[in-house]
$ cat input.txt   # compact mmCIF, C-alpha atoms and all ligand atoms
# COMPACT_ATOMS: atom_id res chain seq x y z
CA MET A 1 0.87 -18.36 23.81
CA LEU A 2 3.57 -16.42 21.95
CA ARG A 3 2.91 -16.09 18.22
CA GLU A 4 6.08 -15.79 16.18
CA PHE A 5 6.29 -15.20 12.44
CA ILE A 6 9.29 -15.32 10.13
CA PHE A 7 9.17 -13.85 6.63
CA LYS A 8 11.79 -14.43 3.94
CA ALA A 9 12.27 -11.26 1.88
CA ASN A 10 14.27 -12.54 -1.08
CA LYS A 11 14.93 -9.20 -2.77
CA THR A 12 14.65 -6.61 0.01
CA ILE A 13 17.43 -4.06 0.20
CA THR A 14 20.17 -4.60 2.83
CA SER A 15 21.46 -1.04 3.05
CA SER A 16 19.82 2.03 4.61
CA ASN A 17 19.69 3.66 1.18
CA ILE A 18 15.91 3.39 1.24
CA ASN A 19 13.79 5.57 -1.00
CA LEU A 20 10.56 5.96 0.97
CA LYS A 21 8.75 6.85 -2.25
CA ASP A 22 9.70 3.57 -3.91
CA LEU A 23 9.30 0.72 -1.42
CA PRO A 24 8.19 -1.88 -4.01
CA GLY A 25 10.79 -1.08 -6.71
CA SER A 26 14.28 0.04 -5.70
CA CYS A 27 13.78 -1.28 -2.12
CA GLY A 28 13.02 -4.82 -3.34
CA ARG A 29 9.42 -5.24 -2.13
CA LEU A 30 9.98 -3.56 1.20
CA ASP A 31 6.26 -2.72 0.96
CA LEU A 32 5.49 -6.41 1.57
CA VAL A 33 7.64 -6.45 4.72
CA CYS A 34 5.92 -3.31 6.03
CA ARG A 35 2.47 -4.74 5.41
CA CYS A 36 3.44 -7.95 7.21
CA VAL A 37 4.65 -5.95 10.22
CA SER A 38 1.40 -4.00 10.22
CA SER A 39 -0.70 -7.17 10.05
CA ALA A 40 1.39 -8.94 12.68
CA PHE A 41 1.00 -6.25 15.36
CA PHE A 42 -1.74 -3.74 14.83
CA LEU A 43 -5.23 -3.91 16.26
CA SER A 44 -7.59 -0.95 16.26
CA HIS A 45 -5.96 1.42 18.80
CA ASP A 46 -3.80 -1.34 20.24
CA ILE A 47 -0.79 -3.55 19.60
CA ARG A 48 -0.57 -7.32 19.89
CA ARG A 49 1.98 -7.69 22.68
CA ASP A 50 2.20 -11.50 22.34
CA VAL A 51 3.78 -11.39 18.86
CA ILE A 52 7.38 -11.49 17.61
CA PHE A 53 7.95 -10.91 13.90
CA TYR A 54 11.19 -11.65 12.03
CA ALA A 55 12.04 -10.67 8.47
CA VAL A 56 15.25 -11.78 6.81
CA PHE A 57 16.35 -9.62 3.87
CA TYR A 58 18.32 -11.22 1.04
CA GLY A 59 18.59 -8.27 -1.35
CA GLU A 60 21.76 -6.38 -2.28
CA PRO A 61 24.27 -5.15 -1.17
CA ASN A 62 24.91 -7.05 2.06
CA PRO A 63 22.66 -10.11 2.58
CA PRO A 64 21.46 -11.50 4.87
CA VAL A 65 20.17 -8.93 7.33
CA ALA A 66 17.57 -10.05 9.87
CA LEU A 67 15.14 -7.76 11.67
CA LYS A 68 13.24 -8.69 14.82
CA PHE A 69 10.13 -6.81 16.05
CA VAL A 70 9.03 -7.54 19.63
CA GLY A 71 5.39 -6.64 20.33
CA ASN A 72 5.66 -5.94 24.04
CA GLU A 73 8.56 -3.53 23.51
CA LEU A 74 7.45 -1.59 20.41
CA LYS A 75 6.96 2.16 20.82
CA LYS A 76 5.87 4.91 18.43
CA VAL A 77 5.46 2.58 15.44
CA SER A 78 2.17 3.06 13.60
CA PRO A 79 0.39 0.78 11.13
CA ASP A 80 1.09 2.65 7.90
CA GLU A 81 3.73 1.34 5.50
CA ARG A 82 5.72 4.56 5.34
CA ASN A 83 6.07 4.82 9.12
CA ILE A 84 7.21 1.19 9.38
CA ALA A 85 9.66 1.73 6.51
CA ILE A 86 11.21 4.66 8.40
CA PHE A 87 11.86 2.36 11.40
CA ILE A 88 13.36 -0.27 9.09
CA LYS A 89 15.61 2.36 7.53
CA LYS A 90 16.81 3.32 11.03
CA ALA A 91 17.49 -0.35 11.84
CA LEU A 92 19.54 -0.81 8.65
CA LYS A 93 21.49 2.35 9.47
CA LYS A 94 22.16 1.00 12.97
CA PHE A 95 23.38 -2.25 11.40
CA GLU A 96 25.79 -0.34 9.13
CA GLU A 97 27.20 1.45 12.20
CA THR A 98 27.59 -1.76 14.25
CA PRO A 99 31.20 -2.97 14.47
CA GLU A 100 31.88 -6.03 12.28
CA ASN A 101 32.56 -8.31 15.26
CA LYS A 102 29.14 -7.47 16.80
CA LYS A 103 27.02 -7.77 13.68
CA THR A 104 25.92 -11.38 14.30
CA GLU A 105 24.36 -10.42 17.66
CA TRP A 106 20.95 -8.70 17.91
CA THR A 107 21.42 -4.94 18.30
CA GLU A 108 18.48 -2.76 19.32
CA SER A 109 17.81 0.09 16.91
CA THR A 110 14.63 1.67 18.34
CA PRO A 111 12.42 0.22 21.13
CA GLY A 112 11.47 -3.36 20.22
CA ILE A 113 13.27 -3.41 16.85
CA TYR A 114 16.51 -5.38 16.57
CA VAL A 115 18.89 -6.06 13.70
CA ALA A 116 21.61 -8.70 13.11
CA LYS A 117 23.40 -10.67 10.43
CA LYS A 118 21.49 -13.95 10.72
CA GLU A 119 20.28 -16.50 8.20
CA PHE A 120 16.59 -17.36 7.80
CA ARG A 121 17.32 -21.03 8.52
CA ASP A 122 19.42 -20.33 11.63
CA ILE A 123 16.60 -18.36 13.27
CA ILE A 124 14.12 -21.16 12.53
CA LEU A 125 16.56 -23.79 13.81
CA GLU A 126 17.08 -21.84 17.01
CA LYS A 127 13.31 -21.83 17.61
CA LYS A 128 13.07 -25.52 16.81
CA ASN A 129 15.87 -26.23 19.30
CA GLU A 130 14.00 -24.20 21.93
CA GLY A 131 11.17 -26.72 21.47
CA LYS A 132 8.86 -24.48 19.47
CA ARG A 133 6.53 -25.90 16.89
CA ILE A 134 7.34 -24.76 13.33
CA LEU A 135 4.38 -24.32 10.97
CA TYR A 136 5.17 -23.57 7.32
CA LEU A 137 2.28 -21.66 5.73
CA HIS A 138 1.66 -23.05 2.27
CA LYS A 139 -1.38 -23.41 0.02
CA GLU A 140 -0.83 -27.16 -0.31
CA GLY A 141 -0.59 -27.92 3.42
CA LYS A 142 -3.03 -29.43 5.92
CA ASP A 143 -6.04 -27.20 6.64
CA PHE A 144 -5.06 -25.00 9.59
CA GLU A 145 -8.59 -25.21 11.00
CA ASN A 146 -7.85 -28.89 11.70
CA VAL A 147 -4.41 -28.34 13.28
CA LYS A 148 -4.56 -28.73 17.06
CA ILE A 149 -2.58 -26.18 19.08
CA ASN A 150 -2.52 -25.92 22.87
CA GLU A 151 -3.29 -22.55 24.36
CA ASN A 152 0.11 -22.27 26.04
CA GLU A 153 2.13 -23.70 23.15
CA ASP A 154 4.59 -21.30 21.44
CA VAL A 155 4.45 -21.52 17.66
CA MET A 156 6.51 -20.07 14.83
CA PHE A 157 4.84 -19.52 11.44
CA VAL A 158 7.07 -19.42 8.35
CA LEU A 159 6.09 -17.32 5.33
CA GLY A 160 7.52 -16.53 1.93
CA ASP A 161 7.30 -13.35 -0.13
CA HIS A 162 6.05 -13.02 -3.75
CA ILE A 163 8.75 -15.54 -4.78
CA GLY A 164 8.13 -18.01 -1.93
CA ILE A 165 10.93 -19.46 0.25
CA GLY A 166 12.63 -21.55 -2.46
CA GLU A 167 13.19 -25.30 -2.82
CA GLU A 168 16.25 -25.49 -0.56
CA ASP A 169 14.53 -23.85 2.38
CA GLU A 170 11.45 -25.99 1.79
CA LYS A 171 13.68 -29.09 1.98
CA PHE A 172 15.28 -27.71 5.16
CA LEU A 173 11.84 -27.25 6.75
CA GLU A 174 10.88 -30.77 5.78
CA ASP A 175 14.11 -32.13 7.29
CA ILE A 176 13.50 -30.43 10.65
CA GLY A 177 9.94 -31.72 10.77
CA ALA A 178 8.06 -28.46 10.15
CA GLU A 179 4.34 -28.95 9.53
CA LYS A 180 2.94 -27.56 6.29
CA VAL A 181 -0.39 -25.83 6.92
CA SER A 182 -2.84 -24.18 4.55
CA LEU A 183 -5.19 -21.28 5.15
CA SER A 184 -7.07 -21.31 1.86
CA PRO A 185 -7.32 -23.15 -1.46
CA LEU A 186 -6.19 -19.85 -3.05
CA GLU A 187 -2.72 -18.31 -3.20
CA LEU A 188 -2.75 -15.39 -0.73
CA HIS A 189 -0.50 -12.46 0.10
CA ALA A 190 1.75 -13.10 3.10
CA ASP A 191 0.27 -10.19 5.11
CA HIS A 192 -3.23 -11.55 4.56
CA CYS A 193 -2.03 -14.96 5.82
CA ILE A 194 -0.90 -13.31 9.05
CA VAL A 195 -4.33 -11.73 9.53
CA ILE A 196 -6.04 -15.08 8.97
CA VAL A 197 -3.71 -16.88 11.40
CA HIS A 198 -4.43 -14.27 14.06
CA ASN A 199 -8.14 -14.52 13.41
CA ILE A 200 -8.21 -18.31 13.73
CA LEU A 201 -6.12 -18.23 16.93
CA ASP A 202 -8.10 -15.30 18.38
CA LYS A 203 -11.35 -17.20 17.91
CA ARG A 204 -9.84 -20.24 19.63
CA PHE A 205 -8.05 -18.56 22.51
CA LYS A 206 -9.18 -14.96 23.04
CA LYS A 207 -12.84 -15.57 23.88
C1 LIG B 301 2.27 -14.63 -2.54
S1 LIG B 301 2.55 -16.12 -1.70
C2 LIG B 301 3.94 -16.82 -2.54
C3 LIG B 301 3.73 -17.25 -3.90
C4 LIG B 301 4.96 -17.85 -4.55
N1 LIG B 301 4.80 -17.73 -5.96
C5 LIG B 301 5.17 -19.30 -4.18
O1 LIG B 301 5.08 -20.13 -5.06
O2 LIG B 301 5.46 -19.65 -3.01
C6 LIG B 301 3.36 -15.57 -0.21
C7 LIG B 301 3.38 -16.55 0.92
O3 LIG B 301 2.12 -16.60 1.55
C8 LIG B 301 1.89 -17.90 2.09
N2 LIG B 301 0.65 -18.39 1.49
C9 LIG B 301 0.08 -18.00 0.32
N3 LIG B 301 -1.08 -18.64 0.13
C10 LIG B 301 -1.26 -19.45 1.20
C11 LIG B 301 -2.30 -20.37 1.58
N4 LIG B 301 -3.36 -20.58 0.83
N5 LIG B 301 -2.15 -21.02 2.75
C12 LIG B 301 -1.09 -20.81 3.55
N6 LIG B 301 -0.07 -19.97 3.23
C13 LIG B 301 -0.16 -19.30 2.07
C14 LIG B 301 3.11 -18.74 1.76
O4 LIG B 301 3.98 -18.77 2.87
C15 LIG B 301 3.71 -17.99 0.59
O5 LIG B 301 5.10 -18.19 0.48

$ encode --input "input.txt" --output "structure tokens"
Amino acid sequence: MLREFIFKANKTITSSNINLKDLPGSCGRLDLVCRCVSSAFFLSHDIRRDVIFYAVFYGEPNPPVALKFVGNELKKVSPDERNIAIFIKKALKKFEETPENKKTEWTESTPGIYVAKKEFRDIILEKKNEGKRILYLHKEGKDFENVKINENEDVMFVLGDHIGIGEEDEKFLEDIGAEKVSLSPLELHADHCIVIVHNILDKRFKK
């Protein structure tokens, strides 16, 4: 089973002008993106190869910019926020150097990290059209412990940042038949949600 996650980063910077000493402030909560990447992939001394993580940045000056991280291709990335931010900075630089007519296609920046001009909804729709199940993580959804998933079913989990995904994208998810699933009665950080999802699926399928 391939586990895919997509994270909407409403305010994250879309230029490579990243100040590594100020990921939460001038970089528009890039710290959240880095923590999500860390939670999506890193085990103790290993990487989850069966994971793909997308983040779509909607901050200034050039939104949207989508990043794709592919677990079975990643090299040299380590779990700390600063290291991940350096790879994101390289990807945004690569995007700036990509010719305009190629920007909507995925371009590889470093092994397993791709960048493109793509909308959050278009990536989700593409997955839906490929027959993947779309699960929107939300406090008010159905308890994930009671959601049946087959071991060989590919699933995409949708997550918001500190602002959430917004009403329009929520309506879009409803229209395409995404299932709303909850991990806790409490409002959690997105990176913690990823850890919980992995834990629930690991206990079901990695015994
Ligand atoms: C910090 S929360 C977002 C809070 C934001 N104020 C809102 O209203 O959506 C970040 C994301 O984590 C996910 N999340 C938070 N708590 C959750 C829960 N109990 N169950 C499932 N997903 C949750 C949601 O996808 C949410 O958009």

$ atom_distance --input "input.txt" --atom1 "CA of Arg82 in chain A" --atom2 "CA of Ser26 in chain A"
14.7 Å

$ residues_near_ligand --input "input.txt" --ligand "ligand LIG 301 (chain B)" --cutoff "10 Å" --atoms "only C-alpha atoms and all ligand atoms" --output "PyMOL selection string"
chain A and resi 6-8+32+135-144+157-167+170+180-194+196-197

$ closest_residue --input "input.txt" --among "A:Ala178, A:Leu67, A:Leu30, A:Val77" --to "Phe53 in chain A" --atoms "only C-alpha atoms"
A:Leu67

$ closest_residue --input "input.txt" --among "A:Phe120, A:Trp106, A:Tyr114, A:Phe41" --to "Asn72 in chain A" --atoms "all atoms listed in the file"
A:Phe41

$ residues_around --input "input.txt" --residues "range 115-119 of chain A" --least-positions-apart "4" --cutoff "8 Å" --atoms "all atoms listed in the file" --output "PyMOL selection string"
chain A and resi 56+63-68+91-92+94-95+103-109+123

$ closest_residue --input "input.txt" --among "A:Arg204, A:Lys148, A:Arg121, A:Arg133" --to "Lys171 in chain A" --atoms "all atoms listed in the file"
A:Arg121

$ closest_residue --input "input.txt" --among "A:Arg3, A:Arg29, A:Lys128, A:Arg49" --to "Val155 in chain A" --atoms "only C-alpha atoms"
A:Arg3

$ closest_residue --input "input.txt" --among "A:Val37, A:Val147, A:Ile176, A:Ala85" --to "Lys21 in chain A" --atoms "all atoms listed in the file"
A:Ala85

$ decode --input "input.txt" --residues "range 93-138 of chain A" --atoms "N, CA and C atoms" --output "PDB file, in the first residue's frame"
ATOM      1  N   LYS A  93      14.659  27.142  -5.845  1.00  0.00           N
ATOM      2  CA  LYS A  93      15.662  27.728  -6.741  1.00  0.00           C
ATOM      3  C   LYS A  93      15.566  27.058  -8.118  1.00  0.00           C
ATOM      4  N   LYS A  94      15.453  25.733  -8.100  1.00  0.00           N
ATOM      5  CA  LYS A  94      15.315  24.973  -9.350  1.00  0.00           C
ATOM      6  C   LYS A  94      14.076  25.454 -10.113  1.00  0.00           C
ATOM      7  N   PHE A  95      12.996  25.667  -9.372  1.00  0.00           N
ATOM      8  CA  PHE A  95      11.741  26.131  -9.982  1.00  0.00           C
ATOM      9  C   PHE A  95      11.939  27.490 -10.639  1.00  0.00           C
ATOM     10  N   GLU A  96      12.661  28.382  -9.965  1.00  0.00           N
ATOM     11  CA  GLU A  96      12.915  29.723 -10.533  1.00  0.00           C
ATOM     12  C   GLU A  96      13.722  29.625 -11.823  1.00  0.00           C
ATOM     13  N   GLU A  97      14.593  28.611 -11.901  1.00  0.00           N
ATOM     14  CA  GLU A  97      15.451  28.468 -13.091  1.00  0.00           C
ATOM     15  C   GLU A  97      14.771  27.692 -14.225  1.00  0.00           C
ATOM     16  N   THR A  98      13.635  27.072 -13.931  1.00  0.00           N
ATOM     17  CA  THR A  98      12.930  26.276 -14.950  1.00  0.00           C
ATOM     18  C   THR A  98      12.276  27.216 -15.961  1.00  0.00           C
ATOM     19  N   PRO A  99      12.418  26.930 -17.265  1.00  0.00           N
ATOM     20  CA  PRO A  99      11.762  27.796 -18.253  1.00  0.00           C
ATOM     21  C   PRO A  99      10.246  27.835 -18.043  1.00  0.00           C
ATOM     22  N   GLU A 100       9.652  28.988 -18.320  1.00  0.00           N
ATOM     23  CA  GLU A 100       8.214  29.197 -18.078  1.00  0.00           C
ATOM     24  C   GLU A 100       7.361  28.070 -18.658  1.00  0.00           C
ATOM     25  N   ASN A 101       7.682  27.639 -19.883  1.00  0.00           N
ATOM     26  CA  ASN A 101       6.828  26.635 -20.547  1.00  0.00           C
ATOM     27  C   ASN A 101       7.000  25.224 -19.964  1.00  0.00           C
ATOM     28  N   LYS A 102       7.914  25.060 -19.023  1.00  0.00           N
ATOM     29  CA  LYS A 102       8.112  23.725 -18.395  1.00  0.00           C
ATOM     30  C   LYS A 102       7.674  23.717 -16.937  1.00  0.00           C
ATOM     31  N   LYS A 103       7.249  24.871 -16.444  1.00  0.00           N
ATOM     32  CA  LYS A 103       6.998  24.990 -14.997  1.00  0.00           C
ATOM     33  C   LYS A 103       5.836  24.127 -14.503  1.00  0.00           C
ATOM     34  N   THR A 104       4.868  23.818 -15.382  1.00  0.00           N
ATOM     35  CA  THR A 104       3.716  23.036 -14.913  1.00  0.00           C
ATOM     36  C   THR A 104       4.018  21.533 -14.856  1.00  0.00           C
ATOM     37  N   GLU A 105       5.197  21.134 -15.347  1.00  0.00           N
ATOM     38  CA  GLU A 105       5.588  19.709 -15.259  1.00  0.00           C
ATOM     39  C   GLU A 105       6.490  19.519 -14.043  1.00  0.00           C
ATOM     40  N   TRP A 106       6.473  18.322 -13.437  1.00  0.00           N
ATOM     41  CA  TRP A 106       7.363  18.047 -12.312  1.00  0.00           C
ATOM     42  C   TRP A 106       8.815  18.069 -12.788  1.00  0.00           C
ATOM     43  N   THR A 107       9.648  18.846 -12.102  1.00  0.00           N
ATOM     44  CA  THR A 107      11.079  18.885 -12.386  1.00  0.00           C
ATOM     45  C   THR A 107      11.802  18.400 -11.147  1.00  0.00           C
ATOM     46  N   GLU A 108      12.761  17.477 -11.331  1.00  0.00           N
ATOM     47  CA  GLU A 108      13.500  16.975 -10.168  1.00  0.00           C
ATOM     48  C   GLU A 108      14.558  17.987  -9.760  1.00  0.00           C
ATOM     49  N   SER A 109      14.605  18.268  -8.470  1.00  0.00           N
ATOM     50  CA  SER A 109      15.581  19.212  -7.941  1.00  0.00           C
ATOM     51  C   SER A 109      16.779  18.443  -7.378  1.00  0.00           C
ATOM     52  N   THR A 110      16.529  17.603  -6.373  1.00  0.00           N
ATOM     53  CA  THR A 110      17.541  16.696  -5.821  1.00  0.00           C
ATOM     54  C   THR A 110      16.854  15.321  -5.776  1.00  0.00           C
ATOM     55  N   PRO A 111      17.597  14.217  -5.567  1.00  0.00           N
ATOM     56  CA  PRO A 111      16.950  12.905  -5.659  1.00  0.00           C
ATOM     57  C   PRO A 111      15.653  12.783  -4.831  1.00  0.00           C
ATOM     58  N   GLY A 112      14.566  12.481  -5.534  1.00  0.00           N
ATOM     59  CA  GLY A 112      13.278  12.254  -4.873  1.00  0.00           C
ATOM     60  C   GLY A 112      12.499  13.509  -4.526  1.00  0.00           C
ATOM     61  N   ILE A 113      13.015  14.692  -4.886  1.00  0.00           N
ATOM     62  CA  ILE A 113      12.277  15.938  -4.589  1.00  0.00           C
ATOM     63  C   ILE A 113      12.001  16.670  -5.901  1.00  0.00           C
ATOM     64  N   TYR A 114      10.712  16.885  -6.158  1.00  0.00           N
ATOM     65  CA  TYR A 114      10.253  17.470  -7.421  1.00  0.00           C
ATOM     66  C   TYR A 114       9.488  18.759  -7.137  1.00  0.00           C
ATOM     67  N   VAL A 115       9.464  19.635  -8.141  1.00  0.00           N
ATOM     68  CA  VAL A 115       8.771  20.914  -7.982  1.00  0.00           C
ATOM     69  C   VAL A 115       8.012  21.229  -9.274  1.00  0.00           C
ATOM     70  N   ALA A 116       6.848  21.877  -9.130  1.00  0.00           N
ATOM     71  CA  ALA A 116       6.035  22.254 -10.303  1.00  0.00           C
ATOM     72  C   ALA A 116       5.022  23.312  -9.903  1.00  0.00           C
ATOM     73  N   LYS A 117       4.498  24.001 -10.902  1.00  0.00           N
ATOM     74  CA  LYS A 117       3.373  24.914 -10.652  1.00  0.00           C
ATOM     75  C   LYS A 117       2.106  24.082 -10.778  1.00  0.00           C
ATOM     76  N   LYS A 118       1.560  23.658  -9.663  1.00  0.00           N
ATOM     77  CA  LYS A 118       0.330  22.860  -9.662  1.00  0.00           C
ATOM     78  C   LYS A 118      -0.532  23.285  -8.493  1.00  0.00           C
ATOM     79  N   GLU A 119      -1.839  23.266  -8.725  1.00  0.00           N
ATOM     80  CA  GLU A 119      -2.792  23.609  -7.668  1.00  0.00           C
ATOM     81  C   GLU A 119      -3.031  22.398  -6.758  1.00  0.00           C
ATOM     82  N   PHE A 120      -3.297  22.704  -5.497  1.00  0.00           N
ATOM     83  CA  PHE A 120      -3.670  21.693  -4.486  1.00  0.00           C
ATOM     84  C   PHE A 120      -4.809  20.794  -5.014  1.00  0.00           C
ATOM     85  N   ARG A 121      -5.858  21.435  -5.530  1.00  0.00           N
ATOM     86  CA  ARG A 121      -7.011  20.649  -5.993  1.00  0.00           C
ATOM     87  C   ARG A 121      -6.671  19.763  -7.177  1.00  0.00           C
ATOM     88  N   ASP A 122      -5.828  20.259  -8.095  1.00  0.00           N
ATOM     89  CA  ASP A 122      -5.521  19.476  -9.299  1.00  0.00           C
ATOM     90  C   ASP A 122      -4.759  18.198  -8.949  1.00  0.00           C
ATOM     91  N   ILE A 123      -3.877  18.291  -7.951  1.00  0.00           N
ATOM     92  CA  ILE A 123      -3.130  17.087  -7.544  1.00  0.00           C
ATOM     93  C   ILE A 123      -4.105  16.061  -6.946  1.00  0.00           C
ATOM     94  N   ILE A 124      -5.025  16.555  -6.104  1.00  0.00           N
ATOM     95  CA  ILE A 124      -5.995  15.646  -5.471  1.00  0.00           C
ATOM     96  C   ILE A 124      -6.885  15.000  -6.542  1.00  0.00           C
ATOM     97  N   LEU A 125      -7.326  15.837  -7.495  1.00  0.00           N
ATOM     98  CA  LEU A 125      -8.209  15.336  -8.552  1.00  0.00           C
ATOM     99  C   LEU A 125      -7.510  14.264  -9.393  1.00  0.00           C
ATOM    100  N   GLU A 126      -6.243  14.503  -9.657  1.00  0.00           N
ATOM    101  CA  GLU A 126      -5.458  13.524 -10.412  1.00  0.00           C
ATOM    102  C   GLU A 126      -5.448  12.164  -9.685  1.00  0.00           C
ATOM    103  N   LYS A 127      -5.251  12.221  -8.370  1.00  0.00           N
ATOM    104  CA  LYS A 127      -5.226  10.975  -7.579  1.00  0.00           C
ATOM    105  C   LYS A 127      -6.595  10.304  -7.587  1.00  0.00           C
ATOM    106  N   LYS A 128      -7.617  11.132  -7.452  1.00  0.00           N
ATOM    107  CA  LYS A 128      -8.994  10.608  -7.465  1.00  0.00           C
ATOM    108  C   LYS A 128      -9.252   9.905  -8.804  1.00  0.00           C
ATOM    109  N   ASN A 129      -8.821  10.555  -9.896  1.00  0.00           N
ATOM    110  CA  ASN A 129      -9.039   9.977 -11.230  1.00  0.00           C
ATOM    111  C   ASN A 129      -8.215   8.715 -11.458  1.00  0.00           C
ATOM    112  N   GLU A 130      -7.131   8.573 -10.702  1.00  0.00           N
ATOM    113  CA  GLU A 130      -6.332   7.332 -10.779  1.00  0.00           C
ATOM    114  C   GLU A 130      -6.994   6.222  -9.951  1.00  0.00           C
ATOM    115  N   GLY A 131      -8.112   6.558  -9.295  1.00  0.00           N
ATOM    116  CA  GLY A 131      -8.841   5.547  -8.524  1.00  0.00           C
ATOM    117  C   GLY A 131      -8.427   5.471  -7.066  1.00  0.00           C
ATOM    118  N   LYS A 132      -7.635   6.444  -6.617  1.00  0.00           N
ATOM    119  CA  LYS A 132      -7.201   6.411  -5.219  1.00  0.00           C
ATOM    120  C   LYS A 132      -8.289   6.931  -4.294  1.00  0.00           C
ATOM    121  N   ARG A 133      -8.262   6.431  -3.098  1.00  0.00           N
ATOM    122  CA  ARG A 133      -9.232   6.865  -2.091  1.00  0.00           C
ATOM    123  C   ARG A 133      -8.699   8.133  -1.438  1.00  0.00           C
ATOM    124  N   ILE A 134      -9.557   9.149  -1.296  1.00  0.00           N
ATOM    125  CA  ILE A 134      -9.124  10.426  -0.719  1.00  0.00           C
ATOM    126  C   ILE A 134      -9.729  10.540   0.688  1.00  0.00           C
ATOM    127  N   LEU A 135      -8.853  10.660   1.677  1.00  0.00           N
ATOM    128  CA  LEU A 135      -9.306  10.803   3.064  1.00  0.00           C
ATOM    129  C   LEU A 135      -8.882  12.176   3.578  1.00  0.00           C
ATOM    130  N   TYR A 136      -9.871  12.989   3.929  1.00  0.00           N
ATOM    131  CA  TYR A 136      -9.597  14.338   4.452  1.00  0.00           C
ATOM    132  C   TYR A 136      -9.507  14.245   5.969  1.00  0.00           C
ATOM    133  N   LEU A 137      -8.347  14.544   6.516  1.00  0.00           N
ATOM    134  CA  LEU A 137      -8.160  14.478   7.970  1.00  0.00           C
ATOM    135  C   LEU A 137      -8.762  15.722   8.618  1.00  0.00           C
ATOM    136  N   HIS A 138      -9.722  15.471   9.494  1.00  0.00           N
ATOM    137  CA  HIS A 138     -10.432  16.580  10.144  1.00  0.00           C
ATOM    138  C   HIS A 138     -10.989  16.102  11.485  1.00  0.00           C
TER     139      HIS A 138
END
